[in-house]
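Colleague: Okay, so here is work-v2.txt, and as you'll see once you scroll down, it has compact mmCIF, C-alpha atoms and all ligand atoms.
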```txt
# COMPACT_ATOMS: atom_id res chain seq x y z
CA MET H 1 -81.31 -37.72 76.76
CA LEU H 2 -83.73 -40.04 78.51
CA ASP H 3 -86.86 -39.14 80.41
CA LEU H 4 -86.14 -40.86 83.71
CA SER H 5 -89.02 -39.44 85.70
CA GLY H 6 -90.53 -42.15 87.85
CA ARG H 7 -87.86 -44.67 86.79
CA SER H 8 -85.83 -46.65 89.28
CA VAL H 9 -82.04 -46.15 89.28
CA ARG H 10 -80.05 -48.37 91.66
CA ILE H 11 -76.43 -47.65 92.50
CA PHE H 12 -73.98 -50.04 94.16
CA GLY H 13 -71.15 -48.25 95.97
CA GLY H 14 -71.58 -45.21 98.19
CA GLY H 15 -68.21 -43.46 97.72
CA GLU H 16 -67.48 -40.16 95.95
CA VAL H 17 -68.10 -41.68 92.53
CA GLY H 18 -71.39 -43.28 93.62
CA ALA H 19 -72.44 -39.91 95.02
CA ARG H 20 -71.63 -38.13 91.75
CA LYS H 21 -73.59 -40.69 89.76
CA ALA H 22 -76.48 -40.42 92.25
CA ALA H 23 -76.52 -36.61 91.92
CA PHE H 24 -76.62 -37.02 88.13
CA PHE H 25 -79.89 -38.98 88.33
CA ALA H 26 -81.53 -37.83 91.58
CA ASP H 27 -83.43 -34.82 90.21
CA GLU H 28 -85.53 -37.04 88.00
CA ALA H 29 -85.35 -40.71 88.91
CA ALA H 30 -86.05 -42.61 92.14
CA VAL H 31 -82.50 -43.44 93.26
CA GLN H 32 -81.57 -46.24 95.69
CA ILE H 33 -78.00 -46.79 96.91
CA PHE H 34 -76.60 -50.06 98.23
CA SER H 35 -73.21 -49.96 99.89
CA ARG H 36 -71.03 -51.05 102.78
CA SER H 37 -70.46 -47.39 103.69
CA PHE H 38 -71.59 -43.98 102.49
CA SER H 39 -69.79 -40.72 101.70
CA SER H 40 -71.10 -37.68 103.59
CA ARG H 41 -72.30 -36.23 100.25
CA PHE H 42 -75.30 -38.58 100.39
CA SER H 43 -76.83 -36.73 103.34
CA SER H 44 -77.82 -33.87 100.99
CA LEU H 45 -79.12 -36.08 98.17
CA PRO H 46 -82.77 -37.15 97.82
CA VAL H 47 -82.00 -40.87 97.65
CA THR H 48 -82.75 -43.94 99.76
CA SER H 49 -79.92 -46.09 101.02
CA GLN H 50 -79.34 -49.59 102.33
CA VAL H 51 -76.20 -50.90 104.01
CA LEU H 52 -74.97 -54.18 102.55
CA ASP H 53 -71.88 -55.97 101.31
CA VAL H 54 -72.26 -57.16 97.72
CA GLU H 55 -69.59 -59.83 98.25
CA LEU H 56 -71.76 -61.52 100.86
CA LEU H 57 -74.77 -61.81 98.52
CA ASP H 58 -75.25 -64.76 96.15
CA ASP H 59 -76.29 -64.06 92.55
CA GLN H 60 -79.95 -64.84 93.29
CA THR H 61 -80.16 -62.30 96.14
CA LEU H 62 -78.23 -59.68 94.17
CA GLY H 63 -80.58 -60.30 91.22
CA ASP H 64 -83.57 -59.67 93.48
CA LEU H 65 -82.11 -56.22 94.32
CA ILE H 66 -81.64 -55.48 90.63
CA LYS H 67 -84.98 -56.76 89.27
CA GLY H 68 -87.37 -53.96 88.36
CA ALA H 69 -84.64 -51.33 88.00
CA PHE H 70 -84.52 -49.29 84.81
CA LEU H 71 -80.79 -48.64 85.18
CA VAL H 72 -78.09 -49.94 87.50
CA VAL H 73 -74.75 -48.24 88.21
CA ALA H 74 -71.85 -50.20 89.71
CA ALA H 75 -69.50 -47.83 91.56
CA THR H 76 -67.93 -50.00 94.23
CA SER H 77 -64.15 -49.98 94.51
CA SER H 78 -64.08 -53.63 93.41
CA PRO H 79 -64.03 -54.06 89.59
CA ASP H 80 -64.76 -57.79 90.12
CA GLN H 81 -67.96 -57.04 92.02
CA ASN H 82 -68.87 -54.29 89.54
CA ASN H 83 -68.46 -56.78 86.68
CA ARG H 84 -70.59 -59.38 88.52
CA ILE H 85 -73.36 -56.79 88.93
CA GLY H 86 -73.02 -56.10 85.20
CA ARG H 87 -73.38 -59.79 84.27
CA ILE H 88 -76.54 -60.10 86.36
CA CYS H 89 -77.96 -56.93 84.77
CA ARG H 90 -77.32 -58.37 81.31
CA ASP H 91 -79.13 -61.63 82.26
CA LEU H 92 -82.08 -59.61 83.56
CA GLY H 93 -82.14 -57.14 80.65
CA VAL H 94 -81.44 -54.14 82.89
CA LEU H 95 -79.36 -51.23 81.54
CA PHE H 96 -75.94 -51.06 83.18
CA ASN H 97 -73.26 -48.41 83.75
CA ASN H 98 -69.90 -49.49 85.14
CA ALA H 99 -67.77 -46.85 86.94
CA ASP H 100 -64.80 -49.22 87.02
CA GLY H 101 -64.51 -52.52 85.21
CA GLU H 102 -65.85 -54.00 81.97
CA GLN H 103 -67.81 -51.45 79.95
CA GLY H 104 -71.56 -51.53 80.43
CA ASP H 105 -74.39 -50.41 78.12
CA LEU H 106 -73.90 -46.70 78.69
CA GLN H 107 -71.37 -44.15 79.86
CA LEU H 108 -72.09 -40.91 81.65
CA PRO H 109 -70.96 -37.69 80.00
CA ALA H 110 -69.72 -34.51 81.67
CA VAL H 111 -72.69 -32.15 81.64
CA ALA H 112 -72.92 -28.35 81.53
CA ARG H 113 -76.54 -27.51 82.15
CA GLY H 114 -78.48 -24.27 82.14
CA GLU H 115 -82.17 -23.45 82.08
CA GLN H 116 -82.14 -23.19 78.29
CA TYR H 117 -79.51 -25.73 77.28
CA LEU H 118 -77.69 -28.94 78.05
CA ILE H 119 -74.20 -29.73 76.76
CA ALA H 120 -72.90 -33.26 77.20
CA VAL H 121 -69.25 -34.08 76.58
CA SER H 122 -67.93 -37.59 76.16
CA THR H 123 -64.59 -39.05 75.16
CA GLY H 124 -66.04 -42.53 74.99
CA GLY H 125 -63.97 -43.66 77.97
CA SER H 126 -60.59 -42.49 76.58
CA SER H 127 -60.17 -39.53 78.91
CA PRO H 128 -62.88 -38.59 81.46
CA ALA H 129 -60.54 -35.85 82.72
CA VAL H 130 -60.70 -34.18 79.29
CA ALA H 131 -64.52 -34.43 79.32
CA ARG H 132 -64.50 -32.65 82.66
CA TYR H 133 -61.96 -30.05 81.42
CA ILE H 134 -64.14 -29.21 78.40
CA ARG H 135 -67.24 -28.93 80.62
CA GLU H 136 -65.39 -26.57 82.99
CA THR H 137 -64.04 -24.53 80.04
CA ILE H 138 -67.55 -24.07 78.63
CA GLU H 139 -68.89 -23.01 82.04
CA ARG H 140 -66.04 -20.53 82.49
CA GLU H 141 -65.85 -19.09 78.96
CA VAL H 142 -69.56 -18.76 78.21
CA PRO H 143 -71.14 -17.87 81.55
CA CYS H 144 -74.09 -15.98 80.02
CA LEU H 145 -75.26 -18.78 77.75
CA ASP H 146 -78.78 -18.87 79.22
CA ARG H 147 -79.18 -15.12 78.70
CA MET H 148 -77.75 -15.28 75.18
CA ILE H 149 -80.27 -18.00 74.27
CA LEU H 150 -83.14 -15.89 75.64
CA LEU H 151 -81.83 -12.86 73.73
CA GLN H 152 -81.49 -14.86 70.50
CA ARG H 153 -85.02 -16.23 70.91
CA GLU H 154 -86.43 -12.74 71.31
CA VAL H 155 -84.43 -11.15 68.49
CA ARG H 156 -85.07 -14.13 66.19
CA GLY H 157 -88.82 -13.73 66.73
CA ALA H 158 -88.60 -9.98 66.03
CA LEU H 159 -86.47 -10.49 62.90
CA LYS H 160 -89.07 -12.86 61.49
CA GLN H 161 -91.58 -10.01 61.58
CA LEU H 162 -89.28 -7.81 59.49
CA PRO H 163 -88.95 -7.89 55.71
CA LEU H 164 -85.50 -9.50 55.78
CA SER H 165 -84.13 -12.42 53.79
CA SER H 166 -83.17 -15.54 55.77
CA ASP H 167 -79.52 -14.78 54.91
CA GLU H 168 -79.80 -11.33 56.53
CA ARG H 169 -81.46 -12.87 59.60
CA ARG H 170 -78.72 -15.48 59.88
CA ARG H 171 -76.00 -12.81 59.53
CA ILE H 172 -77.49 -10.62 62.29
CA LEU H 173 -78.05 -13.52 64.72
CA SER H 174 -74.52 -14.75 64.14
CA ALA H 175 -73.02 -11.24 64.57
CA ILE H 176 -74.93 -10.75 67.86
CA LEU H 177 -73.33 -13.90 69.27
CA ARG H 178 -69.86 -12.47 68.72
CA ASP H 179 -70.61 -8.81 69.49
CA SER H 180 -68.68 -7.68 72.58
CA ALA H 181 -71.10 -4.76 73.26
CA VAL H 182 -74.03 -7.18 73.30
CA ASN H 183 -72.14 -9.65 75.45
CA SER H 184 -71.21 -7.05 78.03
CA ALA H 185 -74.82 -5.79 78.13
CA LEU H 186 -75.88 -9.39 78.80
CA ASN H 187 -73.91 -9.25 82.06
CA THR H 188 -76.51 -6.75 83.24
CA GLY H 189 -79.53 -8.46 81.77
CA VAL H 190 -81.42 -9.66 78.70
CA ASP H 191 -83.49 -6.45 78.41
CA GLN H 192 -80.33 -4.33 78.36
CA ALA H 193 -78.87 -6.53 75.62
CA VAL H 194 -82.10 -6.34 73.59
CA ALA H 195 -81.80 -2.53 73.71
CA VAL H 196 -78.20 -2.71 72.44
CA VAL H 197 -79.25 -5.05 69.63
CA TRP H 198 -82.00 -2.67 68.49
CA THR H 199 -79.59 0.25 68.46
CA ARG H 200 -76.79 -1.56 66.64
CA TYR H 201 -78.69 -3.81 64.24
CA LEU H 202 -82.32 -2.80 63.91
CA GLN H 203 -82.30 1.00 64.16
CA GLY H 204 -85.02 2.49 62.05
CA ARG H 205 -86.77 -0.80 61.39
CA SER H 206 -90.17 -1.83 62.68
CA PRO H 207 -92.35 -4.88 62.03
CA ASP H 208 -94.46 -3.11 59.38
CA GLY H 209 -91.35 -1.97 57.52
CA CYS H 210 -91.80 1.78 58.35
C1 LIG O 301 -66.11 -44.87 81.04
C2 LIG O 301 -66.69 -43.97 82.14
C3 LIG O 301 -67.83 -44.81 82.72
C4 LIG O 301 -68.78 -44.04 83.58
O1 LIG O 301 -68.44 -43.84 84.73
O2 LIG O 301 -69.87 -43.69 83.07
C5 LIG O 301 -65.67 -43.58 83.17
C6 LIG O 301 -64.72 -44.44 83.71
C7 LIG O 301 -63.66 -44.11 84.54
N1 LIG O 301 -63.36 -42.86 85.03
C8 LIG O 301 -62.20 -42.89 85.71
C9 LIG O 301 -61.53 -41.79 86.29
C10 LIG O 301 -61.98 -40.47 86.30
N2 LIG O 301 -63.25 -40.04 85.98
C11 LIG O 301 -63.32 -38.69 86.11
C12 LIG O 301 -64.49 -37.91 85.90
C13 LIG O 301 -65.65 -38.29 85.24
N3 LIG O 301 -65.87 -39.50 84.66
C14 LIG O 301 -66.99 -39.48 83.91
C15 LIG O 301 -67.42 -40.50 83.07
C16 LIG O 301 -66.81 -41.71 82.81
N4 LIG O 301 -65.84 -42.28 83.56
C17 LIG O 301 -67.18 -42.58 81.66
C18 LIG O 301 -66.42 -42.14 80.41
C19 LIG O 301 -66.75 -40.73 79.98
C20 LIG O 301 -65.79 -40.14 78.99
O3 LIG O 301 -64.77 -40.73 78.63
O4 LIG O 301 -66.08 -39.05 78.50
C21 LIG O 301 -67.62 -38.12 83.95
C22 LIG O 301 -67.42 -37.46 82.60
C23 LIG O 301 -69.15 -38.16 84.23
C24 LIG O 301 -69.55 -38.66 85.62
O5 LIG O 301 -68.98 -39.60 86.13
O6 LIG O 301 -70.48 -38.06 86.15
C25 LIG O 301 -66.85 -37.42 85.11
C26 LIG O 301 -66.53 -35.92 84.93
C27 LIG O 301 -67.76 -35.14 85.37
C28 LIG O 301 -67.52 -33.67 85.42
O7 LIG O 301 -66.76 -33.19 86.29
O8 LIG O 301 -68.17 -32.97 84.64
C29 LIG O 301 -62.04 -38.22 86.51
C30 LIG O 301 -61.68 -36.73 86.62
C31 LIG O 301 -61.99 -36.17 87.96
O9 LIG O 301 -62.67 -36.78 88.77
O10 LIG O 301 -61.47 -35.07 88.16
C32 LIG O 301 -61.20 -39.33 86.68
C33 LIG O 301 -59.72 -39.34 87.14
C34 LIG O 301 -58.82 -39.09 85.95
C35 LIG O 301 -58.76 -40.24 84.94
O11 LIG O 301 -58.49 -41.39 85.31
O12 LIG O 301 -59.02 -39.94 83.76
C36 LIG O 301 -61.74 -44.24 85.73
C37 LIG O 301 -60.42 -44.69 86.33
C38 LIG O 301 -60.58 -45.12 87.78
C39 LIG O 301 -59.22 -45.55 88.30
O13 LIG O 301 -58.89 -46.74 88.13
O14 LIG O 301 -58.50 -44.71 88.82
C40 LIG O 301 -62.67 -45.00 85.03
C41 LIG O 301 -62.67 -46.50 84.80
C42 LIG O 301 -61.90 -46.88 83.60
O15 LIG O 301 -61.41 -46.04 82.83
O16 LIG O 301 -61.82 -48.10 83.42
N1 LIG O 302 -66.35 -43.65 86.56
C1 LIG O 302 -65.77 -42.65 87.13
O1 LIG O 302 -66.09 -41.51 86.86
C2 LIG O 302 -64.70 -42.89 88.15
C3 LIG O 302 -64.48 -44.16 88.63
N2 LIG O 302 -63.55 -44.36 89.60
C4 LIG O 302 -63.49 -45.73 90.15
O2 LIG O 302 -64.80 -45.97 90.76
C5 LIG O 302 -64.65 -46.74 91.94
C6 LIG O 302 -65.27 -46.01 93.14
O3 LIG O 302 -64.54 -44.83 93.39
P1 LIG O 302 -64.74 -43.98 94.74
O4 LIG O 302 -66.17 -43.72 94.93
O5 LIG O 302 -63.79 -42.86 94.69
O6 LIG O 302 -64.22 -45.07 95.80
P2 LIG O 302 -64.51 -45.13 97.37
O7 LIG O 302 -63.53 -46.12 97.92
O8 LIG O 302 -64.61 -43.77 97.94
O9 LIG O 302 -65.97 -45.76 97.46
C7 LIG O 302 -66.26 -47.07 97.15
C8 LIG O 302 -67.59 -47.39 97.79
O10 LIG O 302 -67.94 -48.73 97.45
C9 LIG O 302 -68.36 -49.40 98.63
N3 LIG O 302 -68.04 -50.81 98.47
C10 LIG O 302 -66.84 -51.35 98.18
N4 LIG O 302 -66.96 -52.70 98.14
C11 LIG O 302 -68.25 -52.99 98.41
C12 LIG O 302 -68.98 -54.18 98.53
N5 LIG O 302 -68.41 -55.38 98.38
N6 LIG O 302 -70.29 -54.12 98.81
C13 LIG O 302 -70.89 -52.91 98.98
N7 LIG O 302 -70.26 -51.74 98.90
C14 LIG O 302 -68.93 -51.79 98.61
C15 LIG O 302 -67.57 -48.76 99.75
O11 LIG O 302 -68.24 -48.95 101.00
C16 LIG O 302 -67.55 -47.31 99.31
O12 LIG O 302 -68.71 -46.63 99.77
C17 LIG O 302 -63.15 -46.99 92.12
O13 LIG O 302 -62.87 -48.27 91.58
C18 LIG O 302 -62.51 -45.88 91.29
O14 LIG O 302 -61.25 -46.29 90.79
C19 LIG O 302 -62.79 -43.34 90.08
C20 LIG O 302 -62.93 -42.05 89.62
C21 LIG O 302 -63.90 -41.74 88.62
```
Can you turn what I pasted into structure tokens?

Modeller:
Amino acid sequence: MLDLSGRSVRIFGGGEVGARKAAFFADEAAVQIFSRSFSSRFSSLPVTSQVLDVELLDDQTLGDLIKGAFLVVAATSSPDQNNRIGRICRDLGVLFNNADGEQGDLQLPAVARGEQYLIAVSTGGSSPAVARYIRETIEREVPCLDRMILLQREVRGALKQLPLSSDERRRILSAILRDSAVNSALNTGVDQAVAVVWTRYLQGRSPDGC
């Protein structure tokens, strides 16, 4: 969880993997891609690109491309070149992520993101496919997560105004999460679910206890 706004992220390798890494950072950071060739996915990404062959650059020239970056990603199809980029990053004190080769300073997780939440899944390099599988399972199984969070925020605020113990509040909030009537109302909207919650859990109660 880094604030990358205004930071420079430079990616070597313009294939599918480079494009995925670029998409991961492009909303926030200023992303530059260096590669021999580029996947068509780059045409829809807000990044700048430069055609070059890393193998033809000496360490000094490659270092000049890296200097000033906050983070560098190596995603060429050559682990040797990726590792060389990593060594230069280490010498220059620049954070490094390696898509293929010796492990760098950081790994990218699989991310399920909504307006109200962010879930990052990592297997620490053991099985990226499992990280992806868990991300997809979360997205499939809990599609209304944003709405549930908004509902919980609203109900939680209302419960705090009622003369309830924190145990009672916790029990109601937890029951709402698992309540199928609430969850199906959420498919229509947060307001509809709030109405169901009032009927099922808060009938007869009001903030002043009447
Ligand atoms: C170490 C790490 C470094 C890094 O890249 O940061 C790394 C490394 C490698 N990945 C490889 C392969 C695959 N990677 C994926 C997918 C993802 N890989 C991602 C992260 C990471 N990958 C970091 C560890 C994260 C962790 O363990 O949790 C995800 C989560 C995030 C992202 O990249 O955005 C993204 C899912 C995003 C999503 O969908 O949500 C798939 C599945 C697929 O594409 O369907 C495959 C094919 C199946 C397989 O091989 O498992 C290979 C072998 C290359 C080869 O030789 O074939 C290496 C290199 C090696 O292992 O040495
Ligand atoms: N970390 C991850 O999540 C994953 C990593 N990989 C690995 O990442 C690497 C890249 O995968 P893809 O994007 O699918 O491969 P790709 O072959 O589609 O793309 C590689 C890109 O690197 C560029 N490139 C290669 N050598 C270069 C050089 N000397 N100078 C400049 N650019 C160069 C190519 O022009 C191409 O754009 C592969 O080694 C692959 O095994 C694969 C799947 C997932």

Colleague: If I take atom CA of Phe34 of chain H and atom O12 of ligand LIG 302 (chain O), how far is one from the other in Å, to one decimal?

Modeller: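 If I compute the distance from atom CA of Phe34 of chain H to atom O12 of ligand LIG 302 (chain O), I get 8.7 Å.
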
Colleague: Got a sec to check which residues lie within 10 Å of ligand LIG 301 (chain O), using all atoms listed in the file, and send them as an MDAnalysis selection string?

Modeller: chainID H and resid 16:25 73:75 77 79 96:112 120:136

Colleague: Might you pull out every residue within 10 Å of Ser78 of chain H, with only C-alpha atoms counted and same-chain residues fewer than 5 positions away left off, and present them as a PDB file with C-alpha atoms, keeping the file's coordinate frame?

Modeller:
```pdb
ATOM      1  CA  GLY H  13     -71.150 -48.250  95.970  1.00  0.00           C
ATOM      2  CA  VAL H  54     -72.260 -57.160  97.720  1.00  0.00           C
ATOM      3  CA  GLU H  55     -69.590 -59.830  98.250  1.00  0.00           C
ATOM      4  CA  ASN H  83     -68.460 -56.780  86.680  1.00  0.00           C
ATOM      5  CA  ARG H  84     -70.590 -59.380  88.520  1.00  0.00           C
ATOM      6  CA  ASP H 100     -64.800 -49.220  87.020  1.00  0.00           C
ATOM      7  CA  GLY H 101     -64.510 -52.520  85.210  1.00  0.00           C
TER       8      GLY H 101
END
```

Colleague: Quote the spacing between atom CA of Ala181 of chain H and atom CA of Asp167 of chain H in Å to one decimal place.

Modeller: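 If I compute the distance from atom CA of Ala181 of chain H to atom CA of Asp167 of chain H, I get 22.5 Å.
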
Colleague: Would you mind telling me which residue in H:Asp179, H:Phe70, H:Arg147, H:Val47 lies nearest to Asp3 of chain H when using all atoms listed in the file?

Modeller: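 Using all atoms listed in the file, the shortest distance to Asp3 of chain H belongs to H:Phe70.
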
Colleague: H:Ser35, H:Ala69, H:Val190, H:Leu202: which is nearest Arg7 of chain H, counting only C-alpha atoms?

Modeller: H:Ala69
